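With compact mmCIF, C-alpha atoms and all ligand atoms inside, this is run13.txt:
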```
# COMPACT_ATOMS: atom_id res chain seq x y z
CA MET A 491 22.34 -6.33 -1.86
CA GLU A 492 23.76 -3.61 0.37
CA ASN A 493 21.80 -2.08 3.23
CA ASN A 494 23.14 1.32 2.18
CA LYS A 495 21.55 3.69 4.69
CA THR A 496 21.47 3.50 8.44
CA TRP A 497 17.92 4.00 9.64
CA THR A 498 16.69 4.59 13.17
CA LYS A 499 13.40 3.17 14.38
CA GLU A 500 12.09 6.73 14.87
CA GLU A 501 12.88 7.69 11.28
CA ILE A 502 11.03 4.66 9.95
CA LEU A 503 8.09 5.27 12.30
CA ASN A 504 7.88 8.85 11.04
CA ILE A 505 7.72 7.57 7.48
CA TYR A 506 5.01 5.02 8.34
CA ASN A 507 2.92 7.72 10.07
CA LYS A 508 3.15 10.36 7.33
CA PRO A 509 -0.10 11.65 5.86
CA LEU A 510 -1.07 8.76 3.59
CA MET A 511 -1.08 10.81 0.38
CA GLU A 512 2.47 12.05 1.09
CA LEU A 513 3.62 8.56 1.98
CA ILE A 514 2.30 7.03 -1.25
CA PHE A 515 3.78 9.86 -3.31
CA ASP A 516 7.21 9.54 -1.66
CA ALA A 517 7.20 5.76 -2.08
CA ALA A 518 6.12 6.04 -5.72
CA GLN A 519 9.05 8.41 -6.37
CA VAL A 520 11.56 6.06 -4.75
CA HIS A 521 10.04 3.18 -6.70
CA ARG A 522 10.61 4.97 -10.02
CA LEU A 523 14.29 5.55 -9.25
CA HIS A 524 15.04 1.84 -9.15
CA HIS A 525 12.21 -0.08 -10.81
CA ASP A 526 10.01 0.08 -13.86
CA PRO A 527 6.60 0.90 -12.38
CA LEU A 528 4.76 -0.60 -15.34
CA LYS A 529 6.24 -4.05 -14.78
CA ILE A 530 5.01 -6.66 -12.36
CA GLN A 531 6.85 -9.82 -11.42
CA VAL A 532 4.54 -12.82 -11.17
CA SER A 533 5.40 -15.91 -9.10
CA LYS A 534 3.49 -19.16 -8.82
CA LEU A 535 3.40 -20.97 -5.49
CA ILE A 536 3.42 -24.76 -5.52
CA SER A 537 2.87 -26.53 -2.22
CA ILE A 538 5.12 -29.55 -2.72
CA LYS A 539 4.48 -30.95 0.77
CA THR A 540 1.34 -29.84 2.54
CA GLY A 541 0.38 -29.90 6.23
CA GLY A 542 1.56 -31.99 9.17
CA CYS A 543 4.24 -29.49 10.23
CA PRO A 544 5.60 -29.93 13.77
CA GLU A 545 5.99 -26.15 14.37
CA ASP A 546 3.35 -24.05 16.13
CA CYS A 547 3.30 -20.84 14.02
CA GLY A 548 0.03 -19.25 15.22
CA TYR A 549 -1.02 -18.08 11.76
CA CYS A 550 -0.36 -21.29 9.85
CA PRO A 551 -3.02 -23.75 8.70
CA GLN A 552 -0.29 -26.33 8.03
CA ALA A 553 0.78 -26.80 11.66
CA ALA A 554 -0.16 -30.37 12.63
CA ARG A 555 -1.40 -29.33 16.06
CA TYR A 556 -4.22 -27.11 14.75
CA HIS A 557 -7.40 -28.63 13.38
CA THR A 558 -7.74 -26.92 10.04
CA ASN A 559 -9.59 -28.10 7.00
CA ILE A 560 -6.65 -28.63 4.65
CA GLU A 561 -5.72 -31.57 2.47
CA LYS A 562 -2.41 -32.97 3.72
CA ASN A 563 0.02 -34.38 1.17
CA ASP A 564 3.42 -36.07 1.14
CA LEU A 565 6.12 -34.79 -1.20
CA MET A 566 4.69 -34.16 -4.67
CA PRO A 567 6.08 -36.30 -7.53
CA LEU A 568 8.54 -34.54 -9.85
CA ASN A 569 6.35 -34.76 -12.98
CA GLU A 570 3.41 -33.13 -11.17
CA VAL A 571 5.60 -30.21 -10.10
CA LEU A 572 6.92 -29.74 -13.64
CA ALA A 573 3.40 -29.89 -15.11
CA LYS A 574 2.12 -27.23 -12.67
CA ALA A 575 5.12 -25.03 -13.47
CA GLU A 576 4.56 -25.39 -17.22
CA ALA A 577 0.93 -24.33 -16.81
CA ALA A 578 1.98 -21.33 -14.70
CA LYS A 579 4.61 -20.32 -17.27
CA ASN A 580 1.94 -20.35 -19.98
CA THR A 581 -0.20 -17.94 -17.97
CA GLY A 582 2.58 -15.39 -17.37
CA SER A 583 4.53 -16.54 -14.30
CA SER A 584 8.28 -16.03 -14.53
CA ARG A 585 9.06 -17.66 -11.21
CA VAL A 586 7.97 -20.75 -9.31
CA CYS A 587 8.17 -20.89 -5.53
CA MET A 588 8.01 -24.36 -4.01
CA GLY A 589 6.81 -24.47 -0.42
CA ALA A 590 7.14 -27.37 2.00
CA ALA A 591 5.57 -27.62 5.45
CA TRP A 592 8.84 -28.65 7.05
CA ARG A 593 10.51 -27.33 10.20
CA ASN A 594 13.85 -27.76 8.47
CA VAL A 595 15.43 -29.51 5.52
CA GLN A 596 16.74 -33.00 6.28
CA ASP A 597 19.36 -34.57 4.07
CA GLY A 598 18.07 -37.72 2.43
CA LYS A 599 15.57 -38.99 -0.14
CA ASP A 600 13.09 -36.10 0.06
CA PHE A 601 15.77 -33.42 -0.19
CA ASP A 602 17.34 -35.27 -3.14
CA GLN A 603 13.92 -35.17 -4.82
CA VAL A 604 13.63 -31.42 -4.20
CA ILE A 605 17.06 -31.00 -5.81
CA GLU A 606 15.70 -32.81 -8.90
CA MET A 607 12.69 -30.47 -8.94
CA VAL A 608 14.97 -27.42 -8.83
CA LYS A 609 17.04 -28.82 -11.71
CA GLY A 610 13.90 -29.55 -13.73
CA LEU A 611 12.39 -26.12 -13.20
CA SER A 612 15.55 -24.17 -13.95
CA ALA A 613 15.92 -26.22 -17.16
CA MET A 614 12.46 -24.86 -18.11
CA ASN A 615 14.00 -21.40 -18.09
CA MET A 616 12.05 -20.24 -15.08
CA GLU A 617 13.35 -18.55 -11.95
CA VAL A 618 13.10 -20.91 -9.02
CA CYS A 619 12.52 -20.19 -5.33
CA CYS A 620 12.08 -22.58 -2.41
CA THR A 621 10.72 -22.19 1.09
CA LEU A 622 11.48 -25.37 2.99
CA GLY A 623 12.10 -24.17 6.57
CA MET A 624 15.52 -23.96 8.20
CA VAL A 625 18.58 -24.83 6.07
CA THR A 626 22.28 -25.26 6.74
CA GLU A 627 24.90 -23.50 4.64
CA ASN A 628 25.72 -26.80 2.96
CA GLN A 629 22.07 -27.41 2.00
CA ALA A 630 21.74 -23.85 0.67
CA THR A 631 24.84 -24.42 -1.46
CA ARG A 632 23.42 -27.69 -2.83
CA LEU A 633 20.21 -25.88 -3.79
CA ALA A 634 22.18 -23.09 -5.46
CA GLU A 635 24.28 -25.60 -7.41
CA ALA A 636 21.08 -27.30 -8.63
CA GLY A 637 19.98 -23.97 -10.14
CA LEU A 638 17.88 -22.37 -7.36
CA HIS A 639 17.78 -18.57 -7.52
CA TYR A 640 15.98 -17.51 -4.31
CA TYR A 641 15.33 -18.89 -0.86
CA ASN A 642 12.29 -17.61 1.04
CA HIS A 643 12.39 -17.59 4.83
CA ASN A 644 10.33 -14.91 6.57
CA ILE A 645 11.22 -13.27 9.86
CA ASP A 646 7.45 -12.66 10.03
CA THR A 647 7.39 -9.89 12.69
CA SER A 648 9.54 -8.04 15.24
CA GLU A 649 11.89 -9.99 17.47
CA GLU A 650 9.74 -8.98 20.48
CA TYR A 651 6.40 -10.11 19.00
CA TYR A 652 7.85 -13.29 17.49
CA LYS A 653 7.57 -15.07 20.88
CA GLU A 654 3.83 -14.37 20.94
CA VAL A 655 3.34 -16.04 17.56
CA ILE A 656 5.69 -19.05 17.61
CA SER A 657 7.17 -20.98 20.52
CA THR A 658 8.83 -23.96 18.83
CA ARG A 659 11.72 -21.92 17.42
CA GLY A 660 13.23 -18.51 18.04
CA PHE A 661 13.70 -15.38 15.98
CA ASN A 662 17.44 -16.05 15.96
CA ASP A 663 16.90 -19.45 14.32
CA ARG A 664 15.29 -17.60 11.41
CA ILE A 665 18.20 -15.15 11.22
CA LYS A 666 20.71 -18.02 11.29
CA THR A 667 19.03 -19.64 8.26
CA LEU A 668 18.99 -16.32 6.40
CA GLU A 669 22.72 -15.93 7.04
CA ASN A 670 23.32 -19.52 5.83
CA VAL A 671 21.43 -18.70 2.64
CA ARG A 672 23.40 -15.47 2.22
CA LYS A 673 26.71 -17.37 2.42
CA SER A 674 25.64 -19.39 -0.64
CA SER A 675 25.10 -17.67 -3.97
CA LEU A 676 21.31 -17.66 -3.47
CA LYS A 677 19.26 -14.47 -3.34
CA VAL A 678 17.33 -13.87 -0.15
CA CYS A 679 13.55 -13.45 0.04
CA SER A 680 12.38 -12.47 3.52
CA GLY A 681 9.55 -10.40 4.91
CA GLY A 682 6.58 -10.93 7.15
CA ILE A 683 2.90 -10.75 8.00
CA ILE A 684 0.77 -7.87 9.25
CA GLY A 685 -2.62 -8.24 10.92
CA MET A 686 -1.57 -10.76 13.60
CA GLY A 687 -2.39 -8.41 16.49
CA GLU A 688 1.03 -6.75 16.40
CA THR A 689 1.54 -3.03 17.05
CA VAL A 690 2.85 -0.50 14.53
CA ASN A 691 6.09 -0.64 16.54
CA ASP A 692 6.33 -4.36 15.75
CA ARG A 693 5.84 -3.67 12.04
CA ILE A 694 8.72 -1.20 12.16
CA GLY A 695 10.62 -3.73 14.30
CA MET A 696 10.26 -6.26 11.51
CA LEU A 697 11.85 -3.83 9.04
CA MET A 698 14.62 -3.15 11.59
CA GLY A 699 15.14 -6.94 11.78
CA LEU A 700 15.63 -7.06 8.01
CA LEU A 701 17.97 -4.06 8.17
CA LYS A 702 20.16 -5.91 10.69
CA LEU A 703 20.89 -8.67 8.15
CA SER A 704 24.34 -8.43 6.60
CA GLU A 705 22.67 -7.49 3.29
CA ALA A 706 19.15 -6.40 2.40
CA PRO A 707 16.90 -9.15 1.04
CA GLU A 708 16.52 -8.94 -2.74
CA SER A 709 12.84 -9.71 -2.30
CA ILE A 710 10.52 -8.71 0.58
CA PRO A 711 7.07 -10.32 0.80
CA ILE A 712 4.45 -8.42 2.77
CA ASN A 713 1.64 -10.80 3.71
CA ALA A 714 -1.71 -9.69 5.12
CA LEU A 715 -2.82 -12.37 7.56
CA VAL A 716 -5.35 -14.80 6.12
CA PRO A 717 -7.16 -15.85 9.30
CA VAL A 718 -7.78 -19.59 8.95
CA GLU A 719 -10.36 -21.47 11.01
CA GLY A 720 -8.70 -23.78 13.50
CA THR A 721 -5.56 -21.66 13.94
CA PRO A 722 -5.06 -19.48 17.05
CA MET A 723 -5.50 -16.44 14.77
CA GLU A 724 -8.85 -17.48 13.33
CA GLU A 725 -10.62 -14.57 15.09
CA GLN A 726 -8.20 -11.84 13.95
CA GLU A 727 -9.90 -9.04 12.11
CA ILE A 728 -8.85 -8.49 8.51
CA VAL A 729 -6.08 -5.92 8.52
CA PRO A 730 -7.27 -2.58 7.03
CA ILE A 731 -6.04 -2.00 3.47
CA TRP A 732 -4.64 1.36 4.62
CA ASP A 733 -2.23 -0.48 6.93
CA VAL A 734 -1.15 -2.72 4.06
CA VAL A 735 -0.52 0.32 1.85
CA ARG A 736 1.47 2.03 4.64
CA MET A 737 3.56 -1.08 5.22
CA ILE A 738 4.28 -1.54 1.51
CA ALA A 739 5.18 2.14 1.07
CA THR A 740 7.45 2.18 4.13
CA THR A 741 9.19 -1.02 3.01
CA ARG A 742 9.67 0.47 -0.46
CA ILE A 743 11.31 3.62 0.98
CA VAL A 744 13.55 1.77 3.46
CA PHE A 745 14.61 -0.88 0.90
CA PRO A 746 14.65 1.09 -2.37
CA LYS A 747 16.29 -1.60 -4.50
CA SER A 748 14.48 -4.68 -3.20
CA THR A 749 11.40 -6.12 -4.86
CA VAL A 750 8.40 -5.69 -2.55
CA ARG A 751 5.80 -8.42 -3.01
CA LEU A 752 2.12 -7.96 -2.20
CA SER A 753 1.78 -11.55 -0.98
CA ALA A 754 -0.98 -13.34 0.97
CA GLY A 755 -4.33 -11.66 1.63
CA ARG A 756 -5.28 -10.31 -1.81
CA MET A 757 -8.66 -12.11 -1.66
CA GLN A 758 -9.61 -9.69 1.09
CA MET A 759 -8.47 -6.60 -0.89
CA SER A 760 -10.38 -4.64 -3.51
CA LYS A 761 -8.86 -3.95 -6.93
CA GLU A 762 -8.51 -0.31 -5.90
CA GLY A 763 -6.72 -1.36 -2.72
CA GLN A 764 -4.26 -3.50 -4.66
CA ALA A 765 -3.73 -0.66 -7.15
CA LEU A 766 -2.72 1.62 -4.25
CA CYS A 767 -0.24 -1.04 -3.12
CA PHE A 768 1.31 -1.11 -6.62
CA MET A 769 1.40 2.69 -6.64
CA ALA A 770 3.15 2.56 -3.24
CA GLY A 771 5.91 0.33 -4.60
CA ALA A 772 4.75 -3.28 -4.64
CA SER A 773 5.88 -4.84 -7.90
CA SER A 774 5.33 -8.54 -7.45
CA ILE A 775 2.47 -10.91 -6.61
CA PHE A 776 1.71 -14.59 -6.23
CA ALA A 777 -0.51 -15.78 -9.08
CA GLY A 778 -3.02 -18.59 -9.42
CA ASP A 779 -6.22 -19.44 -7.60
CA LYS A 780 -4.39 -20.93 -4.60
CA LEU A 781 -1.49 -19.77 -2.45
CA LEU A 782 -0.24 -22.78 -0.47
CA THR A 783 -3.55 -23.85 1.08
CA THR A 784 -5.77 -20.75 0.90
CA PRO A 785 -7.55 -19.11 -2.06
CA ASN A 786 -6.02 -16.38 -4.24
CA PRO A 787 -7.72 -14.23 -6.94
CA GLY A 788 -6.72 -16.39 -9.95
CA ASP A 789 -5.14 -15.64 -13.33
CA ASN A 790 -8.14 -14.11 -15.12
CA GLU A 791 -8.86 -11.63 -12.39
CA ASP A 792 -5.19 -10.65 -12.14
CA MET A 793 -4.86 -10.24 -15.92
CA GLN A 794 -7.90 -7.95 -15.91
CA LEU A 795 -6.34 -5.91 -13.12
CA PHE A 796 -2.98 -5.66 -14.93
CA ASN A 797 -4.72 -4.53 -18.13
CA LEU A 798 -6.72 -1.98 -16.24
CA LEU A 799 -3.61 -0.56 -14.60
CA GLY A 800 -1.29 -0.85 -17.62
CA LEU A 801 1.00 -3.37 -15.92
CA THR A 802 2.93 -6.04 -17.83
CA PRO A 803 4.36 -9.20 -16.25
CA THR A 804 8.17 -9.26 -16.31
CA GLU A 805 9.92 -11.94 -18.24
CA LYS A 806 12.30 -14.26 -16.53
CA MET A 807 15.61 -13.16 -15.09
CA LYS A 808 15.22 -9.46 -14.80
CA ASP A 809 17.94 -8.57 -12.33
CA GLU A 810 16.00 -7.07 -9.46
CA THR A 811 19.05 -5.25 -8.18
CA LYS A 812 19.66 -3.43 -11.44
CA VAL A 813 19.38 0.33 -11.06
CA LYS A 814 18.33 2.28 -14.11
CA ILE A 815 20.74 5.14 -14.71
CA ARG A 816 20.68 7.35 -17.77
CA LYS A 817 23.76 7.15 -19.98
CA ASP A 818 24.66 10.76 -19.20
CA ASN A 819 24.40 9.96 -15.46
CA LEU A 820 21.64 12.52 -14.96
CA PRO A 821 19.03 11.61 -12.40
CA LEU A 822 15.99 9.82 -13.69
CA ILE A 823 13.81 12.88 -14.22
CA ALA A 824 13.63 13.11 -17.98
CA ASP A 825 12.59 10.53 -20.58
CA GLU A 826 12.41 7.51 -18.30
CA LYS A 827 10.42 9.24 -15.63
CA ILE A 828 7.95 10.62 -18.12
CA LYS A 829 7.64 7.19 -19.70
CA TRP A 830 6.92 5.63 -16.34
CA SER A 831 5.08 8.28 -14.45
CA ARG A 832 1.56 7.81 -15.72
CA PRO A 833 0.11 4.56 -14.42
CA GLY A 834 -3.08 3.83 -16.34
CA HIS A 835 -1.87 5.43 -19.58
CA SER A 836 -1.02 3.11 -22.38
CA ILE A 837 2.67 2.55 -23.09
CA GLU A 838 2.14 4.28 -26.49
CA LYS A 839 0.73 7.34 -24.77
CA ASN A 840 3.62 7.44 -22.32
CA LEU A 841 6.15 7.09 -25.11
CA LYS A 842 4.43 9.92 -26.96
CA ALA A 843 4.73 12.04 -23.81
CA ALA A 844 8.42 11.16 -23.61
CA GLU A 845 8.90 12.20 -27.26
CA LYS A 846 7.16 15.50 -26.56
CA ALA A 847 9.38 16.08 -23.53
CA LYS A 848 12.45 15.48 -25.70
CA THR A 849 11.30 18.13 -28.18
CA ILE A 850 10.62 20.64 -25.42
CA ARG A 851 14.07 20.04 -23.94
CA LYS A 852 15.73 20.36 -27.34
CA THR A 853 13.95 23.64 -28.05
CA ALA A 854 14.85 24.97 -24.59
CA LYS A 855 18.52 24.08 -25.21
CA GLU A 856 18.53 25.80 -28.61
CA ASN A 857 16.97 28.93 -27.13
CA ASN A 858 19.67 29.16 -24.46
N1 LIG B 901 7.67 -24.04 6.44
C1 LIG B 901 8.36 -23.01 5.80
C2 LIG B 901 8.63 -21.82 6.69
O1 LIG B 901 7.97 -21.66 7.71
O2 LIG B 901 9.52 -21.04 6.35
C3 LIG B 901 7.73 -22.54 4.51
C4 LIG B 901 6.25 -22.35 4.37
S1 LIG B 901 5.49 -21.08 5.33
C5 LIG B 901 3.81 -21.45 5.03
C6 LIG B 901 5.88 -19.59 4.49
C7 LIG B 901 5.32 -18.29 5.02
O3 LIG B 901 3.94 -18.18 4.68
C8 LIG B 901 5.33 -18.03 6.50
O4 LIG B 901 6.60 -17.63 6.96
C9 LIG B 901 4.34 -16.89 6.62
O5 LIG B 901 4.96 -15.65 6.49
C10 LIG B 901 3.39 -17.14 5.45
N2 LIG B 901 2.04 -17.55 5.92
C11 LIG B 901 1.70 -18.76 6.40
N3 LIG B 901 0.41 -18.78 6.76
C12 LIG B 901 -0.10 -17.55 6.52
C13 LIG B 901 -1.37 -16.94 6.70
N4 LIG B 901 -2.39 -17.61 7.22
N5 LIG B 901 -1.53 -15.66 6.33
C14 LIG B 901 -0.48 -14.97 5.80
N6 LIG B 901 0.74 -15.50 5.62
C15 LIG B 901 0.95 -16.76 5.98
C1 LIG B 902 5.29 -15.71 1.61
O1 LIG B 902 5.79 -14.73 2.20
N1 LIG B 902 3.98 -15.92 1.46
C2 LIG B 902 3.75 -17.14 0.75
C3 LIG B 902 5.19 -17.64 0.40
N2 LIG B 902 6.01 -16.67 1.04
C4 LIG B 902 5.57 -19.00 0.69
C5 LIG B 902 2.90 -18.09 1.51
C6 LIG B 902 1.56 -17.52 1.88
C7 LIG B 902 0.75 -18.58 2.55
C8 LIG B 902 -0.62 -18.15 2.90
C9 LIG B 902 -1.40 -19.21 3.61
C10 LIG B 902 -1.61 -20.45 2.80
O2 LIG B 902 -2.07 -20.40 1.66
O3 LIG B 902 -1.40 -21.56 3.38
FE1 LIG B 903 5.39 -25.12 9.55
FE2 LIG B 903 6.19 -23.11 7.98
FE3 LIG B 903 3.61 -23.36 8.74
FE4 LIG B 903 5.42 -22.66 10.55
S1 LIG B 903 4.86 -21.48 8.73
S2 LIG B 903 3.82 -24.21 10.81
S3 LIG B 903 7.20 -23.83 9.87
S4 LIG B 903 4.74 -24.73 7.46
```
Represent the supplied structure as structure tokens.
Ligand code: SAM
Ligand code: DTB
Ligand code: SF4
Amino acid sequence: MENNKTWTKEEILNIYNKPLMELIFDAAQVHRLHHDPLKIQVSKLISIKTGGCPEDCGYCPQAARYHTNIEKNDLMPLNEVLAKAEAAKNTGSSRVCMGAAWRNVQDGKDFDQVIEMVKGLSAMNMEVCCTLGMVTENQATRLAEAGLHYYNHNIDTSEEYYKEVISTRGFNDRIKTLENVRKSSLKVCSGGIIGMGETVNDRIGMLMGLLKLSEAPESIPINALVPVEGTPMEEQEIVPIWDVVRMIATTRIVFPKSTVRLSAGRMQMSKEGQALCFMAGASSIFAGDKLLTTPNPGDNEDMQLFNLLGLTPTEKMKDETKVKIRKDNLPLIADEKIKWSRPGHSIEKNLKAAEKAKTIRKTAKENN
């Protein structure tokens, strides 16, 4: 996906610092140009290998060196992965994301087993994503050939702040993996975390880091730190929802065509807070009552929220890069916008409004 505008740090900072109401409105407008605001993409995380990771990421409960209260597991058997995916599909997930607490992928038995998992999941007609740590171009190509659609690898924060969070690998190692993934036919999923003690400048720096990639990520997860006991970040205060909304809105404006995912941290957000994030351009979440190791709201609660807001989960394989353009090439200000511009209204009501708009336009044309 092209990075089709050159942004300066100052421009992005000015967006982030706009009066909040203006920022949300601007982001909602950009969102409607490229995405259906009544759709939400739902992904299910499956932790296929949990804990015991040699890295020292300061936020992560799975780093072996921190004493956290998680259940460690070796690589999950294939049939267990498929069963979890089937259950997730039945509750509305269109994508499965398999996460492994590895520093990097190593060729051999375990990677071969992951390849089988990817084949099995894509045969179930689900989109498949993996996050397995660093990969070579050859490994990314093998994953793509097995049927993988996305690879998730977050840059997490700005290049400057990265050193404060992780010492066992560098920011450039992350970029190298993202470029390896980009050389394969896989789509890129990369974003970061806010609430780790970083400054607003670092948040903008993270977006600048994503802009420096050869192409924009198709999917950008924005995680709010889940402070886990035993990690160096256990004492971090929960990031204010207003900061999450600002970060989502700014990401939406800077990357108009990418999918922005409201990722970790939803347990610490109200329904109203999450609704503002969707209004500001987030159109994807992780579903289920567990992320990788920490709790998540769960399917019932999310379904209630979607019903309340008039959101419908997307089916599989909606091309996230597809831009909706009217047949007559007019900008999206007529039927489509009317259909989409009333979150909370039922689809029927919005369609009725669109019909009414058509009649008004027709009458106006006849009178001219
Ligand atoms: N080991 C692989 C890696 O580092 O790429 C994949 C798994 S790792 C857990 C995936 C991402 O989860 C991290 O890059 C980070 O952005 C996010 N994450 C981990 N712990 C988190 C936490 N406590 N709060 C919010 N996000 C977290
Ligand atoms: C991402 O950006 N967030 C997800 C997914 N990609 C792999 C992981 C969130 C993990 C939160 C902490 C946990 O549950 O262990
Ligand atoms: Fe390991 Fe990934 Fe956790 Fe870092 S974020 S400690 S690499 S599992």
Original post:
Which of these residues is nearest to ligand LIG 902 (chain B), using all atoms listed in the file: A:Lys508, A:Arg555, A:Lys780, A:His524?
Top reply: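 Using all atoms listed in the file, the shortest distance to ligand LIG 902 (chain B) belongs to A:Lys780.
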query: Any idea what the distance is between CA of Glu649 in chain A and CA of Asp692 in chain A?
result: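 About the pair CA of Glu649 in chain A and CA of Asp692 in chain A: they are 8.1 Å apart.
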Around all the atoms of ligand LIG 901 (chain B) listed in the file, with 8 Å of room on each side, what axis-aligned box do you get, giving centre and edge lengths in Å to one decimal, as lines of an AutoDock Vina configuration file?
```
center_x = 3.6
center_y = -19.5
center_z = 6.0
size_x = 27.9
size_y = 25.1
size_z = 19.3
```
Query raised in the report: Using all atoms listed in the file, which protein or nucleic acid residues are at most 6 Å from ligand LIG 903 (chain B), as a list in words?
Result: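 Those within range of ligand LIG 903 (chain B) are Cys543, Glu545, Asp546, Cys547, Cys550, Gln552, Ala553, Ala591, Trp592, Arg593 and Gly623 of chain A.
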- [ ] All residues within 9 Å of ligand LIG 901 (chain B) are required, counting all atoms listed in the file; please report them as an NGL selection string.
- [x] :A and (537 or 543 or 545 or 547-552 or 588-594 or 620-624 or 642-647 or 664 or 680-686 or 711-718 or 721 or 723-724 or 753-755 or 782-784)
Counting all atoms listed in the file, which of A:Asn569, A:Gln531, A:Thr631, A:Asn786 gets nearest to ligand LIG 902 (chain B)?
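For ligand LIG 902 (chain B), the nearest of the candidates is A:Asn786.
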Correct to one decimal, the distance CA of Leu752 in chain A-CA of Thr689 in chain A is 19.9 Å
Notebook entry, point to check: With all atoms listed in the file as the atoms that count, which of A:Asn691, A:Asn790, A:Thr540, A:Thr667 lies nearest to ligand LIG 902 (chain B)?
Noted result: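 Ranking A:Asn691, A:Asn790, A:Thr540, A:Thr667 by distance to ligand LIG 902 (chain B), first place goes to A:Thr540.
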List the spatial neighbours of Leu568 in chain A as an mmCIF file with C-alpha atoms, in the frame of the given file - criterion: any atom at most 8 Å away, only C-alpha atoms, same-chain residues fewer than 3 positions off excluded.
```cif
data_model
loop_
_atom_site.group_PDB
_atom_site.id
_atom_site.type_symbol
_atom_site.label_atom_id
_atom_site.label_comp_id
_atom_site.auth_asym_id
_atom_site.auth_seq_id
_atom_site.Cartn_x
_atom_site.Cartn_y
_atom_site.Cartn_z
ATOM 1 C CA VAL A 571 5.600 -30.210 -10.100
ATOM 2 C CA LEU A 572 6.920 -29.740 -13.640
ATOM 3 C CA GLN A 603 13.920 -35.170 -4.820
ATOM 4 C CA GLU A 606 15.700 -32.810 -8.900
ATOM 5 C CA MET A 607 12.690 -30.470 -8.940
#
```
*asked:* Under the rule that all atoms listed in the file are counted, which of A:Asn580, A:Ser709, A:Thr658, A:Ser674 is the nearest residue to ligand LIG 902 (chain B)?
replied: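 That would be A:Ser709, the residue with the smallest distance to ligand LIG 902 (chain B).
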CA of Met698 in chain A sits from CA of Ile665 in chain A at a separation of 12.5 Å
Please list as a ChimeraX atom specification every residue within 6 Å of Ser774 in chain A, counting only C-alpha atoms and excluding residues in the same chain fewer than 5 positions away.
/A:530-532,751
With distances taken over all atoms listed in the file, the candidate from A:Arg756, A:Lys702, A:Lys761, A:Lys653 nearest ligand LIG 902 (chain B) is A:Arg756
Counting all atoms listed in the file, closest pick from A:Ala765, A:Val750, A:Leu697, A:Ala577 relative to ligand LIG 902 (chain B) is A:Val750
Which neighbours of Val735 in chain A fall inside 8 Å, counting all atoms listed in the file, when residues of the same chain fewer than 4 positions from it are skipped, and could you give them as a ChimeraX atom specification? /A:514,731,739,763,766-767,770
Polymer residues at most 10 Å from range 675-677 of chain A, only C-alpha atoms, same-chain spacing of 4 or more positions, as a PDB file with C-alpha atoms, keeping the file's coordinate frame:
```pdb
ATOM      1  CA  MET A 491      22.340  -6.330  -1.860  1.00  0.00           C
ATOM      2  CA  CYS A 619      12.520 -20.190  -5.330  1.00  0.00           C
ATOM      3  CA  ALA A 630      21.740 -23.850   0.670  1.00  0.00           C
ATOM      4  CA  THR A 631      24.840 -24.420  -1.460  1.00  0.00           C
ATOM      5  CA  LEU A 633      20.210 -25.880  -3.790  1.00  0.00           C
ATOM      6  CA  ALA A 634      22.180 -23.090  -5.460  1.00  0.00           C
ATOM      7  CA  GLU A 635      24.280 -25.600  -7.410  1.00  0.00           C
ATOM      8  CA  GLY A 637      19.980 -23.970 -10.140  1.00  0.00           C
ATOM      9  CA  LEU A 638      17.880 -22.370  -7.360  1.00  0.00           C
ATOM     10  CA  HIS A 639      17.780 -18.570  -7.520  1.00  0.00           C
ATOM     11  CA  TYR A 640      15.980 -17.510  -4.310  1.00  0.00           C
ATOM     12  CA  TYR A 641      15.330 -18.890  -0.860  1.00  0.00           C
ATOM     13  CA  ASN A 642      12.290 -17.610   1.040  1.00  0.00           C
ATOM     14  CA  LEU A 668      18.990 -16.320   6.400  1.00  0.00           C
ATOM     15  CA  ASN A 670      23.320 -19.520   5.830  1.00  0.00           C
ATOM     16  CA  VAL A 671      21.430 -18.700   2.640  1.00  0.00           C
ATOM     17  CA  ALA A 706      19.150  -6.400   2.400  1.00  0.00           C
ATOM     18  CA  PRO A 707      16.900  -9.150   1.040  1.00  0.00           C
ATOM     19  CA  GLU A 708      16.520  -8.940  -2.740  1.00  0.00           C
ATOM     20  CA  SER A 709      12.840  -9.710  -2.300  1.00  0.00           C
TER      21      SER A 709
END
```
Inset, instruction - May I have the residues within 8 Å of Leu503 in chain A as a list of chain:residue names, using all atoms listed in the file and disregarding those fewer than 3 positions away in the same chain? - result: A:Lys499, A:Glu500, A:Tyr506, A:Asn507, A:Asn691, A:Ile694
